[in-house]
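Trainee: The structure is given below, and queries will be raised subsequently.
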Amino acid sequence: MENFTAITPYGVAIRTAIASGNLDALKVALSLAQELHARDGDVRSALAAARAQLAASKAAS
């Protein structure tokens, strides 16, 4: 996996902070998620694009 950058799953951190009632952790997770969204955009559309690319690659092989 050349040129791969791991991305922290902020949704998990946000849900964990909400469930625990830890508002400080929630603020940090929200801030980081907002930075990620500002930088990378909508994760759902990226997932859809990745799935489509994988499907096309499988169909071509």
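Labels used: A, B, ... for chains in the order of the structure tokens, numbers from 1 for residues in each chain, and numbers from 1 for ligands as shown.
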Counting only C-alpha atoms, what is within 12 Å of Val43 of chain A, bar same-chain residues fewer than 4 positions away, as a JSON list (two decimals) with C-alpha atoms, in the first residue's frame?
Mentor:
[["chain", "number", "residue", "atom", "x", "y", "z"],
["A", 7, "ILE", "CA", -7.39, 8.22, 8.81],
["A", 9, "PRO", "CA", -12.40, 7.12, 12.50],
["A", 10, "TYR", "CA", -13.76, 10.20, 14.21],
["A", 11, "GLY", "CA", -17.32, 8.88, 14.16],
["A", 33, "ALA", "CA", -13.74, 15.73, 12.64],
["A", 34, "GLN", "CA", -14.55, 19.24, 11.41],
["A", 36, "LEU", "CA", -11.04, 16.38, 8.49],
["A", 37, "HIS", "CA", -14.29, 17.32, 6.76],
["A", 38, "ALA", "CA", -12.93, 20.73, 5.77],
["A", 39, "ARG", "CA", -9.82, 19.10, 4.33],
["A", 47, "LEU", "CA", -16.64, 5.68, 0.23],
["A", 48, "ALA", "CA", -19.02, 5.45, -2.70],
["A", 49, "ALA", "CA", -16.24, 6.42, -5.12],
["A", 50, "ALA", "CA", -13.90, 3.83, -3.57]]
Trainee: Could you list, as a PDB file with all heavy atoms, in the first residue's frame, every residue within 9 Å of Ala25 of chain A, counting only C-alpha atoms and ignoring same-chain residues fewer than 6 positions away?
Mentor:
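Listed below is the output, out-v7.pdb:
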ATOM      1  N   ALA A  13     -14.989   7.973  17.789  1.00  0.00           N
ATOM      2  CA  ALA A  13     -14.594   8.826  18.911  1.00  0.00           C
ATOM      3  C   ALA A  13     -15.747   9.719  19.361  1.00  0.00           C
ATOM      4  O   ALA A  13     -15.955   9.918  20.558  1.00  0.00           O
ATOM      5  CB  ALA A  13     -13.386   9.677  18.522  1.00  0.00           C
ATOM      6  N   ILE A  14     -16.496  10.236  18.412  1.00  0.00           N
ATOM      7  CA  ILE A  14     -17.633  11.107  18.749  1.00  0.00           C
ATOM      8  C   ILE A  14     -18.705  10.311  19.485  1.00  0.00           C
ATOM      9  O   ILE A  14     -19.201  10.734  20.529  1.00  0.00           O
ATOM     10  CB  ILE A  14     -18.203  11.775  17.475  1.00  0.00           C
ATOM     11  CG1 ILE A  14     -17.213  12.828  16.957  1.00  0.00           C
ATOM     12  CG2 ILE A  14     -19.576  12.396  17.759  1.00  0.00           C
ATOM     13  CD1 ILE A  14     -17.555  13.377  15.589  1.00  0.00           C
ATOM     14  N   THR A  16     -18.369   7.525  21.161  1.00  0.00           N
ATOM     15  CA  THR A  16     -17.844   7.111  22.466  1.00  0.00           C
ATOM     16  C   THR A  16     -17.916   8.268  23.462  1.00  0.00           C
ATOM     17  O   THR A  16     -18.313   8.074  24.618  1.00  0.00           O
ATOM     18  CB  THR A  16     -16.397   6.608  22.326  1.00  0.00           C
ATOM     19  OG1 THR A  16     -16.376   5.495  21.432  1.00  0.00           O
ATOM     20  CG2 THR A  16     -15.819   6.201  23.667  1.00  0.00           C
ATOM     21  N   ALA A  17     -17.542   9.459  23.025  1.00  0.00           N
ATOM     22  CA  ALA A  17     -17.593  10.631  23.903  1.00  0.00           C
ATOM     23  C   ALA A  17     -19.027  10.944  24.311  1.00  0.00           C
ATOM     24  O   ALA A  17     -19.293  11.279  25.470  1.00  0.00           O
ATOM     25  CB  ALA A  17     -16.946  11.830  23.213  1.00  0.00           C
ATOM     26  N   ILE A  18     -19.954  10.833  23.378  1.00  0.00           N
ATOM     27  CA  ILE A  18     -21.366  11.081  23.693  1.00  0.00           C
ATOM     28  C   ILE A  18     -21.847  10.062  24.719  1.00  0.00           C
ATOM     29  O   ILE A  18     -22.486  10.422  25.720  1.00  0.00           O
ATOM     30  CB  ILE A  18     -22.238  11.036  22.422  1.00  0.00           C
ATOM     31  CG1 ILE A  18     -21.938  12.250  21.538  1.00  0.00           C
ATOM     32  CG2 ILE A  18     -23.723  10.977  22.784  1.00  0.00           C
ATOM     33  CD1 ILE A  18     -22.555  12.172  20.147  1.00  0.00           C
TER      34      ILE A  18
END
Trainee: Taking only chain A into account, list the residues labelled alpha helix (DSSP H) by DSSP (computed from the backbone), as number ranges by chain.
Mentor: A: 10-20, 23-40, 43-60
Trainee: Give me, please, the distance in Å between atom CA of Gly41 of chain A and atom CA of Val28 of chain A, quoted to one decimal.
Mentor: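 So the two atoms, atom CA of Gly41 of chain A and atom CA of Val28 of chain A, lie 18.8 Å apart.
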